[in-house]
Amino acid sequence: MESSVYLLLGDLQDSCCLRVRDELEARNCAVRIVSNPLVHPWRFSWLLNNQESVSQLGLGEEPPVSNDQIAGVLVRSSGCIDPLDWEPEDLAYMQSEASAALLAWLWSLPCPVVNRYPAAIWYQPQCPLLYWQPLLQRCGLPIPETVVTNVEHEAQAFGRTAPVGGICGAVYGPISGAVRYLISSEEEWTGLASLQRVSPVCLAVPHGKTQLVCVVGERVIWNDEPSPDAQLLAPALRRFAAAAGLAFVELALAPTDEEMCVVTVEPHPQLEHFSPASRQEMVEEIVSLLTTEASDHECIPQIPQRRLL
């Protein structure tokens with residue numbers, strides 16, 4: 001393997017990995033796209049104690065590189081194991097072991113890592129908006145008024161008092177996921193009531209048209225020309241991304257009758273959601289983050305190295 005290399009943790013179907021690879025190679029940088037560098041055919045070894053942490057990574061018969069030779073890492077997946085020939089229980093165990101090892105290793109690297117995910121997001125990538133609400137609020141980013149209840153008449157009362165822009169009803173979003181459904185008809189309210197008999201439901205006021213935005217480092221990149229109200233939230237968006245530990249995060253904003261709100265947080269941004277011009281800006285900023293010295297933007301200590309393989 002090359003003496004210095006950029007790792008893009010993803011696959012060849014991921015347009016973000018492909019475009020970042022092309023930009024880095026245009027700068028004569030060595031790049032590898034790999035879904036999980038800790039499984040065969042990669043050779044991995046990591047020694048750590050109270051004085052040092054050193055890992056080495058090799059592919060096949062190529063000479064390995066140590067962690068100080070990894071110039072930067074873009075994280076687009078949490079690693080995966082081929083399920084072929086595995087029993088479901090054994091596969092779940094081994095997948096969890098491999099995923100935990102990969103996360104720990106990413107946090108040990110002294111190079112720039114985009115994104116160096118916190119454990120909570122690593123293991124639950126599709127967090128509901130309720131998970132993000134306290135941090136959003138601290139950063140000055142509101143969400144639509146929301147109620148969580150298993151009481152049928154409280155849910156229906158909320159729906160009757162929450163019309164926005166002529167839209168009556170409420171938006172139902174499962175707490176365990178990111179999908180949303182508008183609840184407005186009698187049939188839909190009856191179905192919701194049946195859910196309330198076994199679990200609380202999460203309802204929010206309806207909102208207007210969404211505006212997509214991506215924060216990459218300190219750069220706020222809009223998909224379209226933002227409204228004045230959305231533009232005012234740019235500093236708060238930067239604060240949120242920094243506080244969440246996400247160098248690359250996608251959000252959707254939308255107006256309610258009261259204010260501009262965050263309606264979606266996506267810690268795994270998809271380039272396909274954005275216009276060609278916005279995609280190019282995002283890729284350029286990711287490459288800038290990867291090629292910046294770690295000491296310029298991350299407080300990751302340089303750790304003594306020694307050869308293992």
# chains A, B, ... in the order shown; residues from 1 in each chain; ligands from 1

$ residues_around --residues "Ala30 of chain A" --least-positions-apart "3" --cutoff "8 Å" --atoms "only C-alpha atoms" --output "mmCIF file with N, CA, C and O atoms, in the first residue's frame"
data_model
loop_
_atom_site.group_PDB
_atom_site.id
_atom_site.type_symbol
_atom_site.label_atom_id
_atom_site.label_comp_id
_atom_site.auth_asym_id
_atom_site.auth_seq_id
_atom_site.Cartn_x
_atom_site.Cartn_y
_atom_site.Cartn_z
ATOM 1 N N GLU A 2 0.359 2.363 -0.489
ATOM 2 C CA GLU A 2 1.104 3.601 -0.579
ATOM 3 C C GLU A 2 1.553 4.076 0.804
ATOM 4 O O GLU A 2 0.982 3.732 1.831
ATOM 5 N N SER A 4 1.255 6.970 2.088
ATOM 6 C CA SER A 4 0.220 7.797 2.697
ATOM 7 C C SER A 4 -1.054 7.623 1.882
ATOM 8 O O SER A 4 -1.016 7.677 0.648
ATOM 9 N N VAL A 5 -2.178 7.411 2.551
ATOM 10 C CA VAL A 5 -3.391 7.055 1.823
ATOM 11 C C VAL A 5 -4.617 7.641 2.515
ATOM 12 O O VAL A 5 -4.648 7.792 3.743
ATOM 13 N N TYR A 6 -5.618 7.991 1.715
ATOM 14 C CA TYR A 6 -6.923 8.396 2.218
ATOM 15 C C TYR A 6 -7.863 7.209 2.131
ATOM 16 O O TYR A 6 -7.925 6.543 1.088
ATOM 17 N N LEU A 24 -9.681 13.820 -4.870
ATOM 18 C CA LEU A 24 -8.388 13.558 -4.230
ATOM 19 C C LEU A 24 -7.367 13.058 -5.247
ATOM 20 O O LEU A 24 -6.191 13.462 -5.214
ATOM 21 N N GLU A 25 -7.797 12.175 -6.134
ATOM 22 C CA GLU A 25 -6.862 11.666 -7.135
ATOM 23 C C GLU A 25 -6.417 12.770 -8.090
ATOM 24 O O GLU A 25 -5.286 12.740 -8.595
#

$ residues_around --residues "Leu203 of chain A" --least-positions-apart "4" --cutoff "10 Å" --atoms "only C-alpha atoms" --output "PDB file with N, CA, C and O atoms, in the first residue's frame"
ATOM      1  N   PRO A 144     -40.929  21.943  15.067  1.00  0.00           N
ATOM      2  CA  PRO A 144     -42.373  22.195  15.168  1.00  0.00           C
ATOM      3  C   PRO A 144     -42.936  21.743  16.519  1.00  0.00           C
ATOM      4  O   PRO A 144     -42.436  20.782  17.124  1.00  0.00           O
ATOM      5  N   GLU A 145     -43.948  22.444  16.988  1.00  0.00           N
ATOM      6  CA  GLU A 145     -44.603  22.049  18.240  1.00  0.00           C
ATOM      7  C   GLU A 145     -45.030  20.589  18.143  1.00  0.00           C
ATOM      8  O   GLU A 145     -45.591  20.145  17.139  1.00  0.00           O
ATOM      9  N   THR A 146     -44.754  19.834  19.215  1.00  0.00           N
ATOM     10  CA  THR A 146     -44.913  18.379  19.186  1.00  0.00           C
ATOM     11  C   THR A 146     -45.595  17.903  20.462  1.00  0.00           C
ATOM     12  O   THR A 146     -45.393  18.475  21.539  1.00  0.00           O
ATOM     13  N   VAL A 147     -46.377  16.845  20.351  1.00  0.00           N
ATOM     14  CA  VAL A 147     -46.962  16.193  21.518  1.00  0.00           C
ATOM     15  C   VAL A 147     -46.723  14.693  21.397  1.00  0.00           C
ATOM     16  O   VAL A 147     -46.793  14.125  20.308  1.00  0.00           O
ATOM     17  N   VAL A 148     -46.400  14.066  22.533  1.00  0.00           N
ATOM     18  CA  VAL A 148     -46.254  12.611  22.606  1.00  0.00           C
ATOM     19  C   VAL A 148     -47.264  12.116  23.626  1.00  0.00           C
ATOM     20  O   VAL A 148     -47.185  12.474  24.810  1.00  0.00           O
ATOM     21  N   THR A 149     -48.219  11.309  23.170  1.00  0.00           N
ATOM     22  CA  THR A 149     -49.306  10.909  24.067  1.00  0.00           C
ATOM     23  C   THR A 149     -49.903   9.577  23.644  1.00  0.00           C
ATOM     24  O   THR A 149     -49.891   9.221  22.463  1.00  0.00           O
ATOM     25  N   ALA A 155     -54.638  13.585  21.502  1.00  0.00           N
ATOM     26  CA  ALA A 155     -54.058  13.592  20.161  1.00  0.00           C
ATOM     27  C   ALA A 155     -54.992  14.306  19.186  1.00  0.00           C
ATOM     28  O   ALA A 155     -54.553  15.142  18.375  1.00  0.00           O
ATOM     29  N   GLN A 156     -56.294  13.999  19.263  1.00  0.00           N
ATOM     30  CA  GLN A 156     -57.232  14.611  18.338  1.00  0.00           C
ATOM     31  C   GLN A 156     -57.399  16.104  18.617  1.00  0.00           C
ATOM     32  O   GLN A 156     -57.541  16.906  17.676  1.00  0.00           O
ATOM     33  N   PHE A 158     -55.057  18.038  19.742  1.00  0.00           N
ATOM     34  CA  PHE A 158     -53.848  18.652  19.185  1.00  0.00           C
ATOM     35  C   PHE A 158     -54.004  18.833  17.677  1.00  0.00           C
ATOM     36  O   PHE A 158     -53.641  19.870  17.118  1.00  0.00           O
ATOM     37  N   GLY A 159     -54.553  17.829  16.999  1.00  0.00           N
ATOM     38  CA  GLY A 159     -54.753  17.921  15.563  1.00  0.00           C
ATOM     39  C   GLY A 159     -55.727  19.009  15.174  1.00  0.00           C
ATOM     40  O   GLY A 159     -55.567  19.662  14.139  1.00  0.00           O
ATOM     41  N   GLY A 169     -55.039  18.885  10.689  1.00  0.00           N
ATOM     42  CA  GLY A 169     -54.550  17.585  11.139  1.00  0.00           C
ATOM     43  C   GLY A 169     -53.214  17.716  11.832  1.00  0.00           C
ATOM     44  O   GLY A 169     -52.838  18.781  12.325  1.00  0.00           O
ATOM     45  N   ALA A 170     -52.473  16.616  11.876  1.00  0.00           N
ATOM     46  CA  ALA A 170     -51.171  16.587  12.533  1.00  0.00           C
ATOM     47  C   ALA A 170     -50.274  15.610  11.792  1.00  0.00           C
ATOM     48  O   ALA A 170     -50.747  14.726  11.069  1.00  0.00           O
ATOM     49  N   VAL A 171     -48.990  15.793  11.976  1.00  0.00           N
ATOM     50  CA  VAL A 171     -48.010  14.926  11.323  1.00  0.00           C
ATOM     51  C   VAL A 171     -47.570  13.863  12.321  1.00  0.00           C
ATOM     52  O   VAL A 171     -47.032  14.183  13.387  1.00  0.00           O
ATOM     53  N   TYR A 172     -47.823  12.595  11.980  1.00  0.00           N
ATOM     54  CA  TYR A 172     -47.413  11.475  12.825  1.00  0.00           C
ATOM     55  C   TYR A 172     -46.055  10.968  12.366  1.00  0.00           C
ATOM     56  O   TYR A 172     -45.851  10.680  11.185  1.00  0.00           O
ATOM     57  N   GLY A 173     -45.129  10.857  13.330  1.00  0.00           N
ATOM     58  CA  GLY A 173     -43.809  10.317  13.025  1.00  0.00           C
ATOM     59  C   GLY A 173     -43.444   9.263  14.048  1.00  0.00           C
ATOM     60  O   GLY A 173     -43.341   9.559  15.252  1.00  0.00           O
ATOM     61  N   PRO A 174     -43.250   7.996  13.646  1.00  0.00           N
ATOM     62  CA  PRO A 174     -42.821   6.970  14.591  1.00  0.00           C
ATOM     63  C   PRO A 174     -41.550   7.413  15.320  1.00  0.00           C
ATOM     64  O   PRO A 174     -40.608   7.922  14.693  1.00  0.00           O
ATOM     65  N   ILE A 175     -41.518   7.241  16.625  1.00  0.00           N
ATOM     66  CA  ILE A 175     -40.370   7.679  17.416  1.00  0.00           C
ATOM     67  C   ILE A 175     -39.114   6.904  17.043  1.00  0.00           C
ATOM     68  O   ILE A 175     -37.995   7.394  17.194  1.00  0.00           O
ATOM     69  N   ARG A 180     -42.704  10.157   8.010  1.00  0.00           N
ATOM     70  CA  ARG A 180     -43.763  11.032   8.498  1.00  0.00           C
ATOM     71  C   ARG A 180     -45.049  10.777   7.723  1.00  0.00           C
ATOM     72  O   ARG A 180     -45.008  10.487   6.523  1.00  0.00           O
ATOM     73  N   TYR A 181     -46.198  10.913   8.413  1.00  0.00           N
ATOM     74  CA  TYR A 181     -47.503  10.727   7.787  1.00  0.00           C
ATOM     75  C   TYR A 181     -48.434  11.829   8.268  1.00  0.00           C
ATOM     76  O   TYR A 181     -48.515  12.100   9.479  1.00  0.00           O
ATOM     77  N   LEU A 182     -49.159  12.446   7.338  1.00  0.00           N
ATOM     78  CA  LEU A 182     -50.165  13.427   7.715  1.00  0.00           C
ATOM     79  C   LEU A 182     -51.437  12.695   8.137  1.00  0.00           C
ATOM     80  O   LEU A 182     -51.975  11.878   7.386  1.00  0.00           O
ATOM     81  N   ILE A 183     -51.905  12.989   9.339  1.00  0.00           N
ATOM     82  CA  ILE A 183     -53.131  12.382   9.869  1.00  0.00           C
ATOM     83  C   ILE A 183     -54.228  13.438   9.809  1.00  0.00           C
ATOM     84  O   ILE A 183     -54.141  14.478  10.471  1.00  0.00           O
TER      85      ILE A 183
END

$ residues_around --residues "Ser35 of chain A" --least-positions-apart "6" --cutoff "6 Å" --atoms "only C-alpha atoms" --output "list in words"
Leu9, Gly10, Asp11 and Gly79 of chain A

$ closest_residue --among "A:Trp222, A:Val287, A:Cys214, A:Gln95" --to "Leu251 of chain A" --atoms "only C-alpha atoms"
A:Cys214

$ closest_residue --among "A:Thr161, A:Asn49, A:Thr292, A:Ser176" --to "Tyr131 of chain A" --atoms "only C-alpha atoms"
A:Ser176

$ closest_residue --among "A:Ala230, A:Val216, A:Ala254, A:Val151" --to "Asn115 of chain A" --atoms "only C-alpha atoms"
A:Val216

$ closest_residue --among "A:Leu130, A:Val113, A:Leu232, A:Ala193" --to "Thr264 of chain A" --atoms "only C-alpha atoms"
A:Leu130

$ atom_distance --atom1 "atom CA of Ile221 of chain A" --atom2 "atom CA of Val262 of chain A"
15.3 Å

$ residues_around --residues "His207 of chain A" --least-positions-apart "2" --cutoff "9 Å" --atoms "only C-alpha atoms" --output "PyMOL selection string"
chain A and resi 144+164-165+167+171+204-205+209-210+254-257+261+263

$ residues_around --residues "Asp14 of chain A" --least-positions-apart "5" --cutoff "10 Å" --atoms "only C-alpha atoms" --output "MDAnalysis selection string"
chainID A and resid 9 19 33 76:77 270:272

$ write_last_selection --atoms "N, CA and C atoms" --output "compact mmCIF listing (two decimals), in the first residue's frame"
# COMPACT_ATOMS: atom_id res chain seq x y z
N LEU A 9 -14.61 5.06 3.66
CA LEU A 9 -15.35 3.90 4.15
C LEU A 9 -16.75 3.93 3.56
N ARG A 19 -17.05 10.67 -5.87
CA ARG A 19 -16.68 12.04 -6.22
C ARG A 19 -15.53 12.55 -5.37
N ILE A 33 -11.28 3.08 -1.57
CA ILE A 33 -12.67 2.94 -1.12
C ILE A 33 -12.83 1.53 -0.60
N ARG A 76 -18.64 6.73 5.44
CA ARG A 76 -19.93 6.67 4.77
C ARG A 76 -20.70 5.40 5.13
N SER A 77 -20.10 4.51 5.91
CA SER A 77 -20.79 3.30 6.37
C SER A 77 -20.15 2.86 7.67
N GLN A 270 -27.02 12.56 1.82
CA GLN A 270 -27.07 11.94 0.50
C GLN A 270 -26.91 13.03 -0.55
N LEU A 271 -25.86 12.92 -1.36
CA LEU A 271 -25.62 13.91 -2.40
C LEU A 271 -26.79 14.01 -3.36
N GLU A 272 -27.47 12.88 -3.59
CA GLU A 272 -28.57 12.85 -4.55
C GLU A 272 -29.73 13.77 -4.16

$ residues_around --residues "Gly245 of chain A" --least-positions-apart "4" --cutoff "9 Å" --atoms "only C-alpha atoms" --output "list of chain:residue names"
A:Asn115, A:Arg116, A:Tyr117, A:Pro118, A:Phe240, A:Ala241

$ write_last_selection --atoms "C-alpha atoms" --output "CSV table (one decimal), in the first residue's frame"
chain,number,residue,atom,x,y,z
A,115,ASN,CA,-17.5,11.9,10.2
A,116,ARG,CA,-16.1,10.6,13.5
A,117,TYR,CA,-19.5,9.6,14.7
A,118,PRO,CA,-20.5,9.5,18.4
A,240,PHE,CA,-25.4,22.5,16.0
A,241,ALA,CA,-23.1,20.6,13.6

$ residues_around --residues "Arg239 of chain A" --least-positions-apart "3" --cutoff "12 Å" --atoms "only C-alpha atoms" --output "PyMOL selection string"
chain A and resi 135-141+215-220+233-236+242-247+249

$ atom_distance --atom1 "atom CA of Arg27 of chain A" --atom2 "atom CA of Val65 of chain A"
20.4 Å

$ select_by_dssp --residues "segment 163-246 of chain A" --states "strand (DSSP E or B)" --output "compact mmCIF listing (two decimals) with N, CA and C atoms, in the first residue's frame"
# COMPACT_ATOMS: atom_id res chain seq x y z
N VAL A 164 -51.93 24.48 9.87
CA VAL A 164 -50.86 25.38 9.42
C VAL A 164 -51.01 25.58 7.92
N ILE A 167 -53.58 23.60 6.21
CA ILE A 167 -53.50 22.14 6.37
C ILE A 167 -54.03 21.77 7.74
N ALA A 170 -52.47 16.62 11.88
CA ALA A 170 -51.17 16.59 12.53
C ALA A 170 -50.27 15.61 11.79
N VAL A 171 -48.99 15.79 11.98
CA VAL A 171 -48.01 14.93 11.32
C VAL A 171 -47.57 13.86 12.32
N TYR A 172 -47.82 12.59 11.98
CA TYR A 172 -47.41 11.48 12.83
C TYR A 172 -46.06 10.97 12.37
N TYR A 181 -46.20 10.91 8.41
CA TYR A 181 -47.50 10.73 7.79
C TYR A 181 -48.43 11.83 8.27
N LEU A 182 -49.16 12.45 7.34
CA LEU A 182 -50.16 13.43 7.71
C LEU A 182 -51.44 12.69 8.14
N ILE A 183 -51.90 12.99 9.34
CA ILE A 183 -53.13 12.38 9.87
C ILE A 183 -54.23 13.44 9.81
N VAL A 201 -47.87 7.97 20.78
CA VAL A 201 -47.55 8.38 19.42
C VAL A 201 -47.01 9.81 19.47
N CYS A 202 -46.21 10.13 18.48
CA CYS A 202 -45.59 11.46 18.39
C CYS A 202 -46.24 12.23 17.26
N LEU A 203 -46.84 13.37 17.59
CA LEU A 203 -47.52 14.20 16.61
C LEU A 203 -46.89 15.59 16.60
N ALA A 204 -46.77 16.18 15.40
CA ALA A 204 -46.25 17.54 15.26
C ALA A 204 -47.20 18.34 14.39
N GLN A 211 -36.76 23.18 2.96
CA GLN A 211 -35.56 23.70 2.34
C GLN A 211 -34.38 22.87 2.84
N LEU A 212 -33.69 22.21 1.94
CA LEU A 212 -32.56 21.36 2.32
C LEU A 212 -31.29 22.19 2.49
N VAL A 213 -30.51 21.79 3.49
CA VAL A 213 -29.24 22.45 3.75
C VAL A 213 -28.26 21.42 4.27
N CYS A 214 -27.00 21.60 3.95
CA CYS A 214 -25.96 20.70 4.43
C CYS A 214 -24.86 21.54 5.07
N VAL A 215 -24.42 21.13 6.24
CA VAL A 215 -23.29 21.78 6.90
C VAL A 215 -22.08 20.87 6.74
N VAL A 216 -21.03 21.42 6.13
CA VAL A 216 -19.77 20.69 5.94
C VAL A 216 -18.68 21.53 6.57
N ARG A 219 -18.95 25.37 6.63
CA ARG A 219 -19.67 25.84 5.44
C ARG A 219 -21.12 25.39 5.48
N VAL A 220 -22.02 26.34 5.30
CA VAL A 220 -23.46 26.06 5.20
C VAL A 220 -23.84 26.11 3.73
N ILE A 221 -24.27 24.96 3.18
CA ILE A 221 -24.54 24.84 1.74
C ILE A 221 -26.03 24.58 1.54
N TRP A 222 -26.70 25.50 0.88
CA TRP A 222 -28.14 25.39 0.64
C TRP A 222 -28.39 24.70 -0.69
